[in-house]
Amino acid sequence: MREQEEFFLNAQDFGKKFMWGVSTAAFQIEGAYNIDGKGPSIWDKFTTKPKAVLNGDNAKVSCDFYNKYKEDILLMKSMNFDNYRFSISWARILPNGIGSVNDPGVQFYNNVINFCLEQGITPWVTLYHWDLPQVLEDKGGWTNRNIIGWFSEFTQVCANAFGDRVKHWMVLNEPMVFTGAGYFLGVHAPGKKRLKNFLPAAHHAVLCQAEGGRILRKAVPNAVIGTTFSCSQITPYRQNKRDRKTAIKVDALLNRLFFEPALGLGYPVKDAPVLKKLQPYIKASDMEDCKFDFDFIGIQNYTREKVKYSILVPYIRAKIVKASKRNVQTTLMDWEVYPPSIYNMIKKYSGYTQIKKIIITENGAAFKDTFTGDTVNDTERVHFLQRYLEQVLKAKQDGLNVHGYFVWTFTDNFEWAEGYYPRFGLVHINFKTLKRTIKASGKWFSQFLSSKNQQ
Ligand code: GAL
């Protein structure tokens with residue numbers, strides 16, 4: 001492993017306008033799952049299902065950000081971050097999914113937003129980071145076309161409530177993951193499986209993505225509107241024709257499916273013919289309605305995938321070869337540590353001239369952190385961040401279209417189906433006492449950022 005001393009970069013090298021921040025999501029940090037009128041979300045329900053989440057973990061308390069938001073925002077400020085990305089829990093604002101607004105829920109986000117602004121931190125709001133109100137899932141959730149109306153109402157309520165102070169918005173977080181893992185593989189909430197659930201969920205997400213953008217554009221003066229996508233470099237496992245073709249197909253499914261329609265390019269059916277099966281869900285004006293002129297695209301990159309042809313996988317005929325089977329450095333998620341992936345993804349998306357700006361809205365890693373003495377000496381995470389940041393800088397220096405970087409994530413939190421096992425934070429959380437301790441990576445990052453305001 002490389003020595004830390006070899007790393008000479010600091011934030012100033014990225015230029016004064018480059019934006020630096022941390023990202024979080026409501027369900028992963030807030031806790032207070034049934035407090036002050038909040039309704040249950042699909043993740044509240046999913047976490048009660050036996051074996052759905054590692055060790056049977058739930059997020060009833062999690063980091064208790066609901067009560068500790070001031071402490072966390074102050075800590076963020078002390079670490080030199082000036083942008084904070086967080087999401088709104090739909091069921092906290094609209095416990096019945098639609099209809100009557102829960103004032104204490106709105107108040108909570110007003111408090112968070114106001115406190116950020118008082119501290120000189122710019123709030124970046126994600127509307128939907130996977131926690132659909134359970135009442136809407138009971139009506140079919142993302143598979144029900146009525147989701148467009150439900151989501152529009154939620155968006156309008158948020159825009160009206162927060163739009164006077166929040167100018168940076170992201171409509172969806174990683175639609176590929178919440179529809180793929182939640183409605184096809186069944187490993188995330190709501191735990192549905194099968195293509196017949198995935199396809200309508202995916203198409204409705206694409207429509208909501210654009211509709212959310214339009215509502216924000218109308219309701220929020222001077223809004224900077226984006227949406228986020230998961231993406232990974234896709235490499236053929238073997239250099240043969242079949243695997244190369246498979247890689248193109250998987251790239252279309254994982255990296256292009258959700259944003260090409262927004263650019264007016266339609267679905268990437270040519271490279272992923274399985275997407276022809278979307279046709280029955282597409283109504284006359286839909287492909288027009290999928291378009292929206294986003295001010296930025298958030299890309300979220302952690303790793304790369306190697307894929308091979310497999311006759312055994314129905315419809316897709318492709319298989320991801322796990323990192324643990326490839327003799328490479330991995331994180332606790334069994335994701336390969338592969339810094340060039342972030343460069344290649346910035347390059348790929350920069351190739352779409354319709355995209356105005358790219359911001360890295362998530363990047364980070366889970367490693368086995370150990371608390372020694374009074375700190376966590378997470379050198380692997382420090383190296384990970386340094387090596388990925390070198391690639392982001394290289395992209396910027398090569399003239400690619402990247403304008404900001406948000407670390408995933410601020411504090412350790414509830415990592416979905418993996419529960420509390422993988423820790424991703426720059427700040428350690430003791431989940432028994434809720435004590436926050438800045439890790440070595442957090443100290444390093446704040447040092448890295450401290451140069452940004454210097455001459
Ligand atoms: C992203 C997701 C985050 C976080 C992260 C690390 O896919 O948006 O909520 O879980 O991955 O796994």
# chains A, B, ... in the order shown; residues from 1 in each chain; ligands from 1
$ residues_near_ligand --ligand "ligand 1" --cutoff "10 Å" --atoms "only C-alpha atoms and all ligand atoms" --output "ChimeraX atom specification"
/A:23-28,87,129-130,172-178,228-231,300-302,333,335,361-366,408-409,413-418,422-424
$ residues_around --residues "segment 303-306 of chain A" --least-positions-apart "2" --cutoff "10 Å" --atoms "only C-alpha atoms" --output "number ranges by chain"
A: 231-238, 243, 247, 250-251, 300-301, 308, 319-323, 326, 330-331, 334-342, 344-345, 363-365
$ closest_residue --among "A:Leu195, A:Ala262, A:Leu385, A:Ile98" --to "Glu211 of chain A" --atoms "only C-alpha atoms"
A:Ala262
$ select_by_dssp --residues "segment 355-431 of chain A" --states "alpha helix (DSSP H)" --output "JSON list (two decimals) with all heavy atoms, in the first residue's frame"
[["chain", "number", "residue", "atom", "x", "y", "z"],
["A", 379, "THR", "N", -6.68, 4.26, 7.90],
["A", 379, "THR", "CA", -5.76, 4.61, 6.81],
["A", 379, "THR", "C", -6.24, 4.11, 5.45],
["A", 379, "THR", "O", -6.01, 4.77, 4.43],
["A", 379, "THR", "CB", -4.35, 4.05, 7.04],
["A", 379, "THR", "OG1", -4.50, 2.75, 7.55],
["A", 379, "THR", "CG2", -3.54, 4.89, 7.99],
["A", 380, "GLU", "N", -6.93, 2.96, 5.43],
["A", 380, "GLU", "CA", -7.41, 2.46, 4.13],
["A", 380, "GLU", "C", -8.37, 3.46, 3.49],
["A", 380, "GLU", "O", -8.36, 3.69, 2.29],
["A", 380, "GLU", "CB", -8.15, 1.14, 4.31],
["A", 380, "GLU", "CG", -7.23, -0.05, 4.38],
["A", 380, "GLU", "CD", -8.01, -1.32, 4.57],
["A", 380, "GLU", "OE1", -8.71, -1.43, 5.61],
["A", 380, "GLU", "OE2", -7.95, -2.20, 3.70],
["A", 381, "ARG", "N", -9.24, 4.07, 4.32],
["A", 381, "ARG", "CA", -10.20, 5.04, 3.79],
["A", 381, "ARG", "C", -9.46, 6.30, 3.31],
["A", 381, "ARG", "O", -9.80, 6.87, 2.27],
["A", 381, "ARG", "CB", -11.26, 5.38, 4.84],
["A", 381, "ARG", "CG", -12.32, 6.35, 4.32],
["A", 381, "ARG", "CD", -13.50, 6.52, 5.28],
["A", 381, "ARG", "NE", -14.27, 5.32, 5.44],
["A", 381, "ARG", "CZ", -14.19, 4.49, 6.49],
["A", 381, "ARG", "NH1", -13.37, 4.77, 7.49],
["A", 381, "ARG", "NH2", -14.91, 3.39, 6.54],
["A", 382, "VAL", "N", -8.45, 6.71, 4.09],
["A", 382, "VAL", "CA", -7.67, 7.89, 3.67],
["A", 382, "VAL", "C", -7.07, 7.62, 2.30],
["A", 382, "VAL", "O", -7.18, 8.44, 1.39],
["A", 382, "VAL", "CB", -6.56, 8.22, 4.70],
["A", 382, "VAL", "CG1", -5.67, 9.36, 4.20],
["A", 382, "VAL", "CG2", -7.16, 8.57, 6.06],
["A", 383, "HIS", "N", -6.46, 6.47, 2.14],
["A", 383, "HIS", "CA", -5.85, 6.14, 0.83],
["A", 383, "HIS", "C", -6.88, 6.06, -0.27],
["A", 383, "HIS", "O", -6.66, 6.52, -1.39],
["A", 383, "HIS", "CB", -5.09, 4.80, 0.92],
["A", 383, "HIS", "CG", -3.83, 4.91, 1.69],
["A", 383, "HIS", "ND1", -3.39, 3.94, 2.56],
["A", 383, "HIS", "CD2", -2.92, 5.90, 1.76],
["A", 383, "HIS", "CE1", -2.26, 4.33, 3.13],
["A", 383, "HIS", "NE2", -1.94, 5.50, 2.65],
["A", 384, "PHE", "N", -8.01, 5.46, 0.05],
["A", 384, "PHE", "CA", -9.09, 5.35, -0.95],
["A", 384, "PHE", "C", -9.48, 6.73, -1.44],
["A", 384, "PHE", "O", -9.51, 7.00, -2.64],
["A", 384, "PHE", "CB", -10.30, 4.65, -0.31],
["A", 384, "PHE", "CG", -11.49, 4.49, -1.23],
["A", 384, "PHE", "CD1", -11.73, 3.29, -1.89],
["A", 384, "PHE", "CD2", -12.38, 5.54, -1.45],
["A", 384, "PHE", "CE1", -12.82, 3.14, -2.74],
["A", 384, "PHE", "CE2", -13.47, 5.41, -2.29],
["A", 384, "PHE", "CZ", -13.69, 4.20, -2.94],
["A", 385, "LEU", "N", -9.77, 7.63, -0.50],
["A", 385, "LEU", "CA", -10.22, 8.98, -0.88],
["A", 385, "LEU", "C", -9.14, 9.71, -1.68],
["A", 385, "LEU", "O", -9.42, 10.34, -2.69],
["A", 385, "LEU", "CB", -10.60, 9.78, 0.37],
["A", 385, "LEU", "CG", -11.84, 9.25, 1.12],
["A", 385, "LEU", "CD1", -11.96, 9.91, 2.49],
["A", 385, "LEU", "CD2", -13.11, 9.46, 0.31],
["A", 386, "GLN", "N", -7.91, 9.57, -1.24],
["A", 386, "GLN", "CA", -6.82, 10.25, -1.94],
["A", 386, "GLN", "C", -6.70, 9.77, -3.38],
["A", 386, "GLN", "O", -6.56, 10.55, -4.32],
["A", 386, "GLN", "CB", -5.50, 10.01, -1.21],
["A", 386, "GLN", "CG", -5.45, 10.70, 0.14],
["A", 386, "GLN", "CD", -4.17, 10.42, 0.90],
["A", 386, "GLN", "OE1", -3.47, 9.44, 0.62],
["A", 386, "GLN", "NE2", -3.87, 11.25, 1.88],
["A", 387, "ARG", "N", -6.79, 8.47, -3.55],
["A", 387, "ARG", "CA", -6.58, 7.91, -4.89],
["A", 387, "ARG", "C", -7.75, 8.23, -5.82],
["A", 387, "ARG", "O", -7.57, 8.45, -7.01],
["A", 387, "ARG", "CB", -6.33, 6.41, -4.79],
["A", 387, "ARG", "CG", -4.97, 6.12, -4.12],
["A", 387, "ARG", "CD", -4.79, 4.67, -3.82],
["A", 387, "ARG", "NE", -4.79, 3.88, -5.04],
["A", 387, "ARG", "CZ", -5.14, 2.59, -5.08],
["A", 387, "ARG", "NH1", -5.51, 1.97, -3.98],
["A", 387, "ARG", "NH2", -5.10, 1.93, -6.22],
["A", 388, "TYR", "N", -8.96, 8.25, -5.27],
["A", 388, "TYR", "CA", -10.12, 8.64, -6.10],
["A", 388, "TYR", "C", -10.06, 10.14, -6.41],
["A", 388, "TYR", "O", -10.36, 10.56, -7.53],
["A", 388, "TYR", "CB", -11.44, 8.25, -5.42],
["A", 388, "TYR", "CG", -11.85, 6.81, -5.70],
["A", 388, "TYR", "CD1", -11.14, 5.73, -5.16],
["A", 388, "TYR", "CD2", -12.94, 6.51, -6.52],
["A", 388, "TYR", "CE1", -11.50, 4.42, -5.43],
["A", 388, "TYR", "CE2", -13.32, 5.19, -6.79],
["A", 388, "TYR", "CZ", -12.59, 4.15, -6.24],
["A", 388, "TYR", "OH", -12.95, 2.84, -6.53],
["A", 389, "LEU", "N", -9.65, 10.93, -5.42],
["A", 389, "LEU", "CA", -9.56, 12.38, -5.67],
["A", 389, "LEU", "C", -8.52, 12.72, -6.73],
["A", 389, "LEU", "O", -8.70, 13.64, -7.53],
["A", 389, "LEU", "CB", -9.25, 13.12, -4.36],
["A", 389, "LEU", "CG", -10.45, 13.27, -3.43],
["A", 389, "LEU", "CD1", -10.00, 13.76, -2.05],
["A", 389, "LEU", "CD2", -11.48, 14.24, -4.02],
["A", 390, "GLU", "N", -7.42, 11.96, -6.74],
["A", 390, "GLU", "CA", -6.41, 12.18, -7.79],
["A", 390, "GLU", "C", -7.03, 12.02, -9.17],
["A", 390, "GLU", "O", -6.73, 12.75, -10.10],
["A", 390, "GLU", "CB", -5.28, 11.14, -7.65],
["A", 390, "GLU", "CG", -4.29, 11.46, -6.57],
["A", 390, "GLU", "CD", -3.28, 10.32, -6.37],
["A", 390, "GLU", "OE1", -3.51, 9.19, -6.85],
["A", 390, "GLU", "OE2", -2.28, 10.56, -5.70],
["A", 391, "GLN", "N", -7.93, 11.03, -9.28],
["A", 391, "GLN", "CA", -8.59, 10.77, -10.56],
["A", 391, "GLN", "C", -9.57, 11.89, -10.92],
["A", 391, "GLN", "O", -9.72, 12.24, -12.08],
["A", 391, "GLN", "CB", -9.32, 9.42, -10.52],
["A", 391, "GLN", "CG", -8.42, 8.23, -10.34],
["A", 391, "GLN", "CD", -7.58, 7.96, -11.57],
["A", 391, "GLN", "OE1", -8.03, 8.12, -12.70],
["A", 391, "GLN", "NE2", -6.33, 7.55, -11.37],
["A", 392, "VAL", "N", -10.24, 12.42, -9.90],
["A", 392, "VAL", "CA", -11.19, 13.51, -10.15],
["A", 392, "VAL", "C", -10.41, 14.74, -10.62],
["A", 392, "VAL", "O", -10.80, 15.43, -11.57],
["A", 392, "VAL", "CB", -12.02, 13.83, -8.88],
["A", 392, "VAL", "CG1", -12.95, 15.02, -9.13],
["A", 392, "VAL", "CG2", -12.84, 12.62, -8.46],
["A", 393, "LEU", "N", -9.28, 14.99, -9.98],
["A", 393, "LEU", "CA", -8.46, 16.14, -10.38],
["A", 393, "LEU", "C", -7.94, 15.95, -11.82],
["A", 393, "LEU", "O", -7.96, 16.89, -12.62],
["A", 393, "LEU", "CB", -7.29, 16.34, -9.41],
["A", 393, "LEU", "CG", -6.41, 17.53, -9.75],
["A", 393, "LEU", "CD1", -7.19, 18.85, -9.72],
["A", 393, "LEU", "CD2", -5.21, 17.63, -8.82],
["A", 394, "LYS", "N", -7.52, 14.73, -12.09],
["A", 394, "LYS", "CA", -7.03, 14.44, -13.45],
["A", 394, "LYS", "C", -8.14, 14.76, -14.46],
["A", 394, "LYS", "O", -7.90, 15.38, -15.51],
["A", 394, "LYS", "CB", -6.62, 12.97, -13.53],
["A", 394, "LYS", "CG", -6.07, 12.52, -14.85],
["A", 394, "LYS", "CD", -5.44, 11.12, -14.69],
["A", 394, "LYS", "CE", -5.09, 10.52, -16.01],
["A", 394, "LYS", "NZ", -6.03, 9.55, -16.54],
["A", 395, "ALA", "N", -9.36, 14.35, -14.13],
["A", 395, "ALA", "CA", -10.50, 14.62, -15.03],
["A", 395, "ALA", "C", -10.67, 16.11, -15.23],
["A", 395, "ALA", "O", -10.87, 16.60, -16.35],
["A", 395, "ALA", "CB", -11.77, 14.01, -14.44],
["A", 396, "LYS", "N", -10.57, 16.84, -14.14],
["A", 396, "LYS", "CA", -10.75, 18.30, -14.22],
["A", 396, "LYS", "C", -9.63, 18.90, -15.08],
["A", 396, "LYS", "O", -9.87, 19.74, -15.95],
["A", 396, "LYS", "CB", -10.74, 18.88, -12.81],
["A", 396, "LYS", "CG", -11.10, 20.33, -12.81],
["A", 396, "LYS", "CD", -11.62, 20.79, -11.48],
["A", 396, "LYS", "CE", -12.02, 22.25, -11.49],
["A", 396, "LYS", "NZ", -11.56, 23.10, -12.49],
["A", 397, "GLN", "N", -8.41, 18.46, -14.82],
["A", 397, "GLN", "CA", -7.28, 19.00, -15.59],
["A", 397, "GLN", "C", -7.35, 18.63, -17.06],
["A", 397, "GLN", "O", -6.86, 19.35, -17.92],
["A", 397, "GLN", "CB", -5.96, 18.51, -14.98],
["A", 397, "GLN", "CG", -5.68, 19.21, -13.66],
["A", 397, "GLN", "CD", -4.52, 18.60, -12.89],
["A", 397, "GLN", "OE1", -4.13, 17.45, -13.15],
["A", 397, "GLN", "NE2", -3.97, 19.34, -11.94]]
$ select_by_dssp --residues "segment 92-178 of chain A" --states "strand (DSSP E or B)" --output "list of chain:residue names"
A:Thr122, A:Pro123, A:Trp124, A:Val125, A:Thr126, A:Leu127, A:Tyr128, A:Pro133, A:His168, A:Trp169, A:Met170, A:Val171, A:Leu172
$ write_last_selection --atoms "C-alpha atoms" --output "PDB file, in the first residue's frame"
ATOM      1  CA  THR A 122     -25.336  25.374   1.618  1.00  0.00           C
ATOM      2  CA  PRO A 123     -28.148  22.799   1.830  1.00  0.00           C
ATOM      3  CA  TRP A 124     -28.543  20.413  -1.127  1.00  0.00           C
ATOM      4  CA  VAL A 125     -31.819  18.547  -0.928  1.00  0.00           C
ATOM      5  CA  THR A 126     -32.565  15.135  -2.438  1.00  0.00           C
ATOM      6  CA  LEU A 127     -36.306  14.633  -2.727  1.00  0.00           C
ATOM      7  CA  TYR A 128     -36.332  10.865  -2.879  1.00  0.00           C
ATOM      8  CA  PRO A 133     -44.405   5.978   2.407  1.00  0.00           C
ATOM      9  CA  HIS A 168     -29.876  23.153  -4.833  1.00  0.00           C
ATOM     10  CA  TRP A 169     -32.106  20.173  -5.525  1.00  0.00           C
ATOM     11  CA  MET A 170     -31.759  16.592  -6.614  1.00  0.00           C
ATOM     12  CA  VAL A 171     -34.946  14.829  -7.686  1.00  0.00           C
ATOM     13  CA  LEU A 172     -34.055  11.137  -7.260  1.00  0.00           C
TER      14      LEU A 172
END
$ closest_residue --among "A:Arg436, A:Asp286, A:His204, A:Asn453" --to "Phe65 of chain A" --atoms "only C-alpha atoms"
A:Arg436
$ residues_around --residues "Tyr69 of chain A" --least-positions-apart "3" --cutoff "12 Å" --atoms "only C-alpha atoms" --output "ChimeraX atom specification"
/A:24,26,29-31,63-66,72-76,84,86,108-116,410-411,436
$ write_last_selection --atoms "C-alpha atoms" --output "mmCIF file, in the first residue's frame"
data_model
loop_
_atom_site.group_PDB
_atom_site.id
_atom_site.type_symbol
_atom_site.label_atom_id
_atom_site.label_comp_id
_atom_site.auth_asym_id
_atom_site.auth_seq_id
_atom_site.Cartn_x
_atom_site.Cartn_y
_atom_site.Cartn_z
ATOM 1 C CA THR A 24 -26.396 11.643 3.683
ATOM 2 C CA ALA A 26 -32.875 10.583 5.724
ATOM 3 C CA ILE A 29 -29.349 8.721 9.753
ATOM 4 C CA GLU A 30 -32.487 10.285 11.214
ATOM 5 C CA GLY A 31 -33.987 7.630 13.476
ATOM 6 C CA CYS A 63 -27.608 8.114 14.334
ATOM 7 C CA ASP A 64 -30.527 10.032 15.870
ATOM 8 C CA PHE A 65 -29.805 12.899 13.495
ATOM 9 C CA TYR A 66 -33.380 14.001 14.203
ATOM 10 C CA ASP A 72 -23.559 17.116 13.247
ATOM 11 C CA ILE A 73 -23.814 20.347 11.271
ATOM 12 C CA LEU A 74 -21.411 22.054 13.665
ATOM 13 C CA LEU A 75 -19.012 19.153 13.264
ATOM 14 C CA MET A 76 -19.321 19.451 9.471
ATOM 15 C CA TYR A 84 -24.401 19.449 2.822
ATOM 16 C CA PHE A 86 -29.392 15.357 2.709
ATOM 17 C CA PHE A 108 -37.703 19.588 11.349
ATOM 18 C CA TYR A 109 -36.350 20.215 7.842
ATOM 19 C CA ASN A 110 -36.802 23.961 8.304
ATOM 20 C CA ASN A 111 -34.622 23.676 11.401
ATOM 21 C CA VAL A 112 -31.968 21.700 9.534
ATOM 22 C CA ILE A 113 -31.990 24.103 6.585
ATOM 23 C CA ASN A 114 -31.908 27.206 8.762
ATOM 24 C CA PHE A 115 -29.120 25.855 10.913
ATOM 25 C CA CYS A 116 -27.056 24.993 7.825
ATOM 26 C CA PHE A 410 -20.505 12.084 7.004
ATOM 27 C CA THR A 411 -21.179 9.723 9.911
ATOM 28 C CA ARG A 436 -19.442 11.040 17.429
#
$ residues_around --residues "Leu199 of chain A" --least-positions-apart "5" --cutoff "9 Å" --atoms "only C-alpha atoms" --output "PyMOL selection string"
chain A and resi 143+179+183-184+194+204+275+277-278+281
$ residues_around --residues "segment 287-299 of chain A" --least-positions-apart "3" --cutoff "6 Å" --atoms "only C-alpha atoms" --output "list in words"
Leu207, Ala210, Val224, Ile225, Gly226, Thr227, Thr228, Phe229, Pro261, Ala262, Leu263, Gly264, Lys356, Lys357, Ile358, Ile359, Ile360 and Thr361 of chain A
$ atom_distance --atom1 "atom CA of Gly404 of chain A" --atom2 "atom CA of Lys17 of chain A"
8.4 Å
$ closest_residue --among "A:Pro200, A:Tyr405, A:Ala189, A:Asp82" --to "Pro280 of chain A" --atoms "only C-alpha atoms"
A:Pro200
$ closest_residue --among "A:Arg165, A:Lys196, A:Arg145, A:Lys139" --to "Ala223 of chain A" --atoms "only C-alpha atoms"
A:Arg165
$ atom_distance --atom1 "atom CA of Asn240 of chain A" --atom2 "atom CA of Pro268 of chain A"
22.6 Å
